[in-house]
Amino acid sequence: MFVYEKKLQYPVNIKQTNPKLAKIIITQYGGPDGELGASLRYLSQRFTMPLPELKGTLTDIGTEELGHLEMIGAIVYQLTRGLSEKEIKESGFEDYFVDHTTGIYPQGASGTPFTAAALQVKGDAITDLHENMAAEQGL
Amino acid sequence: MTEREILLKKISTYQFAAFDLQLFLDTHPYDRKTLEKMKEYKALAQPLVAEYEEKFGPLTKSMTSSNHWHWIMGPWPWENEEDC
């Protein structure tokens with residue numbers, strides 16, 4: 001199970017909104033190489049890992065990625081809060097806004113909703129570790 | 001930064017150091033030097049966590065000393081002080 005700590009791994013304090021930037025950064029939230037994918041990848045692959053070192057590492061980094069997810073969510077939230085109609089239209093944020101307003105939706109920069117199709121779990125340690133390395137080089 | 005933010009950043013710094021060493025220990029479980037270093041950072045964070053929770057409320061739900069359910073009070077981690 002998991003226990004929540006009421007803090008970010010590193011503080012996020014954004015004073016100036018920037019919806020255009022938010023639309024790019026959200027890909028790190030729910031895009032193909034984002035934190036949600038990373039977290040699910042590690043937390044799912046760990047079940048069939050053959051060695052204690054691997055079970056431990058994947059459990060801990062899978063959990064840490066959830067902390068990263070929370071930081072990215074905080075960044076997108078702070079970049080888009082309190083926007084005026086004019087700011088939404090001028091920044092090109094209206095296509096996101098019409099579906100989600102300023103809610104934090106897990107999607108890639110292209111608008112594709114989060115999909116588990118961008119990750120893999122094969123139940124084989126070597127295969128899964130290679131998949132991890134490929135994913136970590138995604139950006 | 002406010003007093004709360006400064007204290008939280010200090011806590012996070014020690015906790016992050018401890019956490020990174022824990023990841024190293026996952027693949028080097030018998031490295032006694034790293035184990036000692038990790039405990040050292042955890043010990044440094046501990047009194048700061050106690051101070052923070054005393055002044056600003058719980059970081060985890062294990063803290064129950066308050067006479068009401070302080071857990072839901074803001075600011076939540078994604079909020080600024082002025083949001084509350």
# chains A, B, ... in the order shown; residues from 1 in each chain; ligands from 1
$ interface_residues --of "chain A" --to "chain B" --cutoff "12 Å" --atoms "only C-alpha atoms" --output "ChimeraX atom specification"
/A:2-15,51-64,67,69-79,81-82,104
$ write_last_selection --atoms "N, CA and C atoms" --output "tab-separated table (two decimals), in the first residue's frame"
chain	number	residue	atom	x	y	z
A	2	PHE	N	0.22	2.36	-0.06
A	2	PHE	CA	0.98	3.59	-0.15
A	2	PHE	C	0.53	4.59	0.91
A	3	VAL	N	1.48	5.36	1.41
A	3	VAL	CA	1.18	6.40	2.40
A	3	VAL	C	1.54	7.75	1.79
A	4	TYR	N	0.61	8.68	1.87
A	4	TYR	CA	0.85	9.99	1.25
A	4	TYR	C	1.60	10.92	2.19
A	5	GLU	N	2.60	11.63	1.63
A	5	GLU	CA	3.26	12.71	2.35
A	5	GLU	C	2.77	14.02	1.76
A	6	LYS	N	2.31	14.90	2.64
A	6	LYS	CA	1.65	16.13	2.19
A	6	LYS	C	2.69	17.20	1.82
A	7	LYS	N	3.50	16.90	0.85
A	7	LYS	CA	4.52	17.82	0.36
A	7	LYS	C	4.96	17.38	-1.02
A	8	LEU	N	5.50	18.33	-1.80
A	8	LEU	CA	6.08	17.94	-3.09
A	8	LEU	C	7.52	17.48	-2.85
A	9	GLN	N	8.04	16.67	-3.76
A	9	GLN	CA	9.43	16.25	-3.62
A	9	GLN	C	10.35	17.47	-3.72
A	10	TYR	N	9.98	18.41	-4.59
A	10	TYR	CA	10.69	19.70	-4.68
A	10	TYR	C	9.62	20.78	-4.88
A	11	PRO	N	9.75	21.93	-4.19
A	11	PRO	CA	8.65	22.91	-4.25
A	11	PRO	C	8.43	23.52	-5.63
A	12	VAL	N	7.19	23.81	-5.93
A	12	VAL	CA	6.81	24.48	-7.18
A	12	VAL	C	6.13	25.79	-6.80
A	13	ASN	N	6.70	26.90	-7.24
A	13	ASN	CA	6.17	28.22	-6.90
A	13	ASN	C	6.16	29.12	-8.13
A	14	ILE	N	5.14	29.00	-8.93
A	14	ILE	CA	5.08	29.75	-10.18
A	14	ILE	C	4.15	30.95	-10.00
A	15	LYS	N	4.68	32.15	-10.27
A	15	LYS	CA	3.89	33.37	-10.09
A	15	LYS	C	3.21	33.79	-11.40
A	51	LEU	N	14.79	-10.99	-8.72
A	51	LEU	CA	15.77	-10.73	-7.66
A	51	LEU	C	15.28	-9.64	-6.70
A	52	PRO	N	15.64	-9.77	-5.41
A	52	PRO	CA	15.21	-8.76	-4.43
A	52	PRO	C	15.67	-7.34	-4.77
A	53	GLU	N	16.87	-7.22	-5.34
A	53	GLU	CA	17.38	-5.89	-5.73
A	53	GLU	C	16.44	-5.23	-6.75
A	54	LEU	N	15.94	-6.04	-7.66
A	54	LEU	CA	15.08	-5.51	-8.73
A	54	LEU	C	13.69	-5.17	-8.20
A	55	LYS	N	13.17	-6.04	-7.33
A	55	LYS	CA	11.85	-5.76	-6.73
A	55	LYS	C	11.91	-4.47	-5.92
A	56	GLY	N	12.99	-4.32	-5.16
A	56	GLY	CA	13.15	-3.12	-4.32
A	56	GLY	C	13.30	-1.86	-5.16
A	57	THR	N	14.18	-1.93	-6.16
A	57	THR	CA	14.43	-0.75	-7.00
A	57	THR	C	13.17	-0.32	-7.74
A	58	LEU	N	12.48	-1.28	-8.35
A	58	LEU	CA	11.29	-0.91	-9.12
A	58	LEU	C	10.16	-0.40	-8.22
A	59	THR	N	10.04	-0.98	-7.04
A	59	THR	CA	9.03	-0.47	-6.09
A	59	THR	C	9.35	0.99	-5.72
A	60	ASP	N	10.61	1.25	-5.44
A	60	ASP	CA	10.97	2.59	-4.96
A	60	ASP	C	10.97	3.64	-6.06
A	61	ILE	N	11.47	3.28	-7.26
A	61	ILE	CA	11.45	4.31	-8.31
A	61	ILE	C	10.04	4.48	-8.88
A	62	GLY	N	9.25	3.39	-8.88
A	62	GLY	CA	7.85	3.51	-9.31
A	62	GLY	C	7.07	4.45	-8.39
A	63	THR	N	7.39	4.37	-7.11
A	63	THR	CA	6.77	5.27	-6.13
A	63	THR	C	7.27	6.70	-6.31
A	64	GLU	N	8.59	6.83	-6.55
A	64	GLU	CA	9.14	8.18	-6.75
A	64	GLU	C	8.52	8.85	-7.97
A	67	GLY	N	5.63	10.78	-7.21
A	67	GLY	CA	6.00	12.09	-6.67
A	67	GLY	C	6.32	13.08	-7.78
A	69	LEU	N	5.03	12.89	-10.80
A	69	LEU	CA	3.72	13.17	-11.41
A	69	LEU	C	3.03	14.32	-10.67
A	70	GLU	N	3.14	14.28	-9.36
A	70	GLU	CA	2.50	15.32	-8.55
A	70	GLU	C	3.16	16.69	-8.79
A	71	MET	N	4.48	16.71	-8.94
A	71	MET	CA	5.17	17.98	-9.22
A	71	MET	C	4.76	18.54	-10.58
A	72	ILE	N	4.66	17.67	-11.59
A	72	ILE	CA	4.27	18.13	-12.93
A	72	ILE	C	2.83	18.66	-12.89
A	73	GLY	N	1.96	17.95	-12.17
A	73	GLY	CA	0.58	18.41	-12.00
A	73	GLY	C	0.54	19.79	-11.35
A	74	ALA	N	1.38	19.99	-10.35
A	74	ALA	CA	1.44	21.30	-9.67
A	74	ALA	C	1.91	22.39	-10.63
A	75	ILE	N	2.89	22.06	-11.47
A	75	ILE	CA	3.40	23.04	-12.46
A	75	ILE	C	2.29	23.44	-13.42
A	76	VAL	N	1.59	22.44	-13.97
A	76	VAL	CA	0.53	22.74	-14.95
A	76	VAL	C	-0.60	23.52	-14.27
A	77	TYR	N	-0.94	23.12	-13.06
A	77	TYR	CA	-1.98	23.82	-12.30
A	77	TYR	C	-1.62	25.30	-12.10
A	78	GLN	N	-0.40	25.53	-11.68
A	78	GLN	CA	0.01	26.91	-11.38
A	78	GLN	C	0.21	27.74	-12.65
A	79	LEU	N	0.53	27.09	-13.75
A	79	LEU	CA	0.69	27.81	-15.02
A	79	LEU	C	-0.65	28.24	-15.62
A	81	ARG	N	-3.76	28.71	-13.64
A	81	ARG	CA	-4.87	29.08	-12.74
A	81	ARG	C	-5.28	30.54	-12.94
A	82	GLY	N	-6.58	30.78	-12.81
A	82	GLY	CA	-7.12	32.14	-12.90
A	82	GLY	C	-6.98	32.80	-14.27
A	104	ILE	N	-6.54	19.20	-14.60
A	104	ILE	CA	-5.26	18.59	-14.99
A	104	ILE	C	-5.54	17.19	-15.53
$ select_by_dssp --residues "segment 6-84 of chain B" --states "helix (DSSP H, G or I)" --output "ChimeraX atom specification"
/B:6-27,32-56,70-72,81-83
$ atom_distance --atom1 "atom CA of Leu129 of chain A" --atom2 "atom CA of Tyr30 of chain B"
23.0 Å
$ residues_around --residues "Ala43 of chain B" --least-positions-apart "3" --cutoff "12 Å" --atoms "only C-alpha atoms" --output "ChimeraX atom specification"
/B:11,14-15,17-18,36-40,46-50
$ write_last_selection --atoms "N, CA and C atoms" --output "compact mmCIF listing (two decimals), in the first residue's frame"
# COMPACT_ATOMS: atom_id res chain seq x y z
N ILE B 11 13.61 20.18 5.10
CA ILE B 11 13.18 18.80 5.31
C ILE B 11 13.36 18.01 4.02
N TYR B 14 17.07 17.04 3.14
CA TYR B 14 17.59 15.88 3.88
C TYR B 14 16.89 14.60 3.44
N GLN B 15 15.57 14.69 3.25
CA GLN B 15 14.82 13.49 2.87
C GLN B 15 15.23 13.01 1.48
N ALA B 17 18.17 13.42 0.08
CA ALA B 17 19.49 12.79 0.21
C ALA B 17 19.34 11.36 0.74
N ALA B 18 18.51 11.21 1.77
CA ALA B 18 18.28 9.87 2.33
C ALA B 18 17.64 8.95 1.29
N GLU B 36 24.99 3.90 6.86
CA GLU B 36 25.22 4.86 7.94
C GLU B 36 24.89 6.28 7.47
N LYS B 37 25.33 6.61 6.26
CA LYS B 37 25.09 7.94 5.70
C LYS B 37 23.58 8.19 5.55
N MET B 38 22.87 7.17 5.10
CA MET B 38 21.42 7.29 4.91
C MET B 38 20.74 7.56 6.26
N LYS B 39 21.17 6.82 7.29
CA LYS B 39 20.58 7.02 8.63
C LYS B 39 20.88 8.43 9.14
N GLU B 40 22.08 8.91 8.82
CA GLU B 40 22.49 10.25 9.25
C GLU B 40 21.54 11.31 8.68
N GLN B 46 14.47 14.34 10.91
CA GLN B 46 13.47 14.00 11.94
C GLN B 46 13.03 15.16 12.85
N PRO B 47 13.98 15.90 13.48
CA PRO B 47 13.52 17.01 14.34
C PRO B 47 12.86 18.14 13.55
N LEU B 48 13.26 18.30 12.29
CA LEU B 48 12.65 19.34 11.46
C LEU B 48 11.21 18.96 11.11
N VAL B 49 10.98 17.67 10.88
CA VAL B 49 9.61 17.20 10.60
C VAL B 49 8.74 17.45 11.84
N ALA B 50 9.28 17.13 13.01
CA ALA B 50 8.53 17.34 14.26
C ALA B 50 8.20 18.83 14.44
$ residues_around --residues "Leu40 of chain A" --least-positions-apart "5" --cutoff "12 Å" --atoms "only C-alpha atoms" --output "PyMOL selection string"
chain A and resi 30+32-35+45-47+58-59+61-66+69+114-121+132
$ closest_residue --among "A:Gly108, A:Gly123, A:Gly37, A:Pro50" --to "Ala22 of chain A" --atoms "only C-alpha atoms"
A:Gly108
$ atom_distance --atom1 "atom CA of Thr127 of chain A" --atom2 "atom CA of Ser44 of chain A"
13.7 Å
$ atom_distance --atom1 "atom CA of Tyr41 of chain B" --atom2 "atom CA of Lys55 of chain B"
21.8 Å
$ decode --residues "segment 53-70 of chain B" --atoms "N, CA and C atoms" --output "PDB file, in the first residue's frame"
ATOM      1  N   GLU B  53       5.479  19.866  11.830  1.00  0.00           N
ATOM      2  CA  GLU B  53       4.129  19.361  12.141  1.00  0.00           C
ATOM      3  C   GLU B  53       3.530  20.088  13.342  1.00  0.00           C
ATOM      4  N   GLU B  54       4.395  20.451  14.282  1.00  0.00           N
ATOM      5  CA  GLU B  54       3.950  21.216  15.445  1.00  0.00           C
ATOM      6  C   GLU B  54       3.411  22.582  15.012  1.00  0.00           C
ATOM      7  N   LYS B  55       4.152  23.228  14.094  1.00  0.00           N
ATOM      8  CA  LYS B  55       3.806  24.602  13.699  1.00  0.00           C
ATOM      9  C   LYS B  55       2.755  24.679  12.594  1.00  0.00           C
ATOM     10  N   PHE B  56       2.834  23.755  11.634  1.00  0.00           N
ATOM     11  CA  PHE B  56       2.046  23.946  10.412  1.00  0.00           C
ATOM     12  C   PHE B  56       1.094  22.805  10.073  1.00  0.00           C
ATOM     13  N   GLY B  57       1.081  21.765  10.898  1.00  0.00           N
ATOM     14  CA  GLY B  57       0.154  20.677  10.615  1.00  0.00           C
ATOM     15  C   GLY B  57       0.841  19.462  10.036  1.00  0.00           C
ATOM     16  N   PRO B  58       0.073  18.384   9.899  1.00  0.00           N
ATOM     17  CA  PRO B  58       0.661  17.078   9.587  1.00  0.00           C
ATOM     18  C   PRO B  58       1.225  16.951   8.170  1.00  0.00           C
ATOM     19  N   LEU B  59       2.330  16.227   8.064  1.00  0.00           N
ATOM     20  CA  LEU B  59       2.867  15.842   6.754  1.00  0.00           C
ATOM     21  C   LEU B  59       2.364  14.456   6.367  1.00  0.00           C
ATOM     22  N   THR B  60       2.067  13.636   7.367  1.00  0.00           N
ATOM     23  CA  THR B  60       1.422  12.343   7.125  1.00  0.00           C
ATOM     24  C   THR B  60       0.283  12.202   8.129  1.00  0.00           C
ATOM     25  N   LYS B  61      -0.597  11.241   7.873  1.00  0.00           N
ATOM     26  CA  LYS B  61      -1.757  11.098   8.747  1.00  0.00           C
ATOM     27  C   LYS B  61      -1.417  10.449  10.083  1.00  0.00           C
ATOM     28  N   SER B  62      -0.136  10.077  10.261  1.00  0.00           N
ATOM     29  CA  SER B  62       0.258   9.479  11.529  1.00  0.00           C
ATOM     30  C   SER B  62       0.303  10.520  12.643  1.00  0.00           C
ATOM     31  N   MET B  63       0.359  11.796  12.262  1.00  0.00           N
ATOM     32  CA  MET B  63       0.406  12.878  13.251  1.00  0.00           C
ATOM     33  C   MET B  63      -1.020  13.200  13.700  1.00  0.00           C
ATOM     34  N   THR B  64      -1.328  12.985  14.979  1.00  0.00           N
ATOM     35  CA  THR B  64      -2.719  13.135  15.435  1.00  0.00           C
ATOM     36  C   THR B  64      -2.847  14.005  16.675  1.00  0.00           C
ATOM     37  N   SER B  65      -1.811  14.773  16.998  1.00  0.00           N
ATOM     38  CA  SER B  65      -1.815  15.495  18.274  1.00  0.00           C
ATOM     39  C   SER B  65      -2.842  16.633  18.328  1.00  0.00           C
ATOM     40  N   SER B  66      -3.274  17.108  17.180  1.00  0.00           N
ATOM     41  CA  SER B  66      -4.232  18.211  17.153  1.00  0.00           C
ATOM     42  C   SER B  66      -5.610  17.743  17.639  1.00  0.00           C
ATOM     43  N   ASN B  67      -6.419  18.683  18.136  1.00  0.00           N
ATOM     44  CA  ASN B  67      -7.738  18.294  18.638  1.00  0.00           C
ATOM     45  C   ASN B  67      -8.826  18.352  17.571  1.00  0.00           C
ATOM     46  N   HIS B  68      -8.415  18.621  16.348  1.00  0.00           N
ATOM     47  CA  HIS B  68      -9.345  18.483  15.216  1.00  0.00           C
ATOM     48  C   HIS B  68      -8.586  17.880  14.046  1.00  0.00           C
ATOM     49  N   TRP B  69      -9.323  17.547  12.990  1.00  0.00           N
ATOM     50  CA  TRP B  69      -8.711  16.859  11.837  1.00  0.00           C
ATOM     51  C   TRP B  69      -8.031  17.887  10.942  1.00  0.00           C
ATOM     52  N   HIS B  70      -6.765  18.148  11.265  1.00  0.00           N
ATOM     53  CA  HIS B  70      -5.994  19.202  10.603  1.00  0.00           C
ATOM     54  C   HIS B  70      -5.576  18.817   9.184  1.00  0.00           C
TER      55      HIS B  70
END
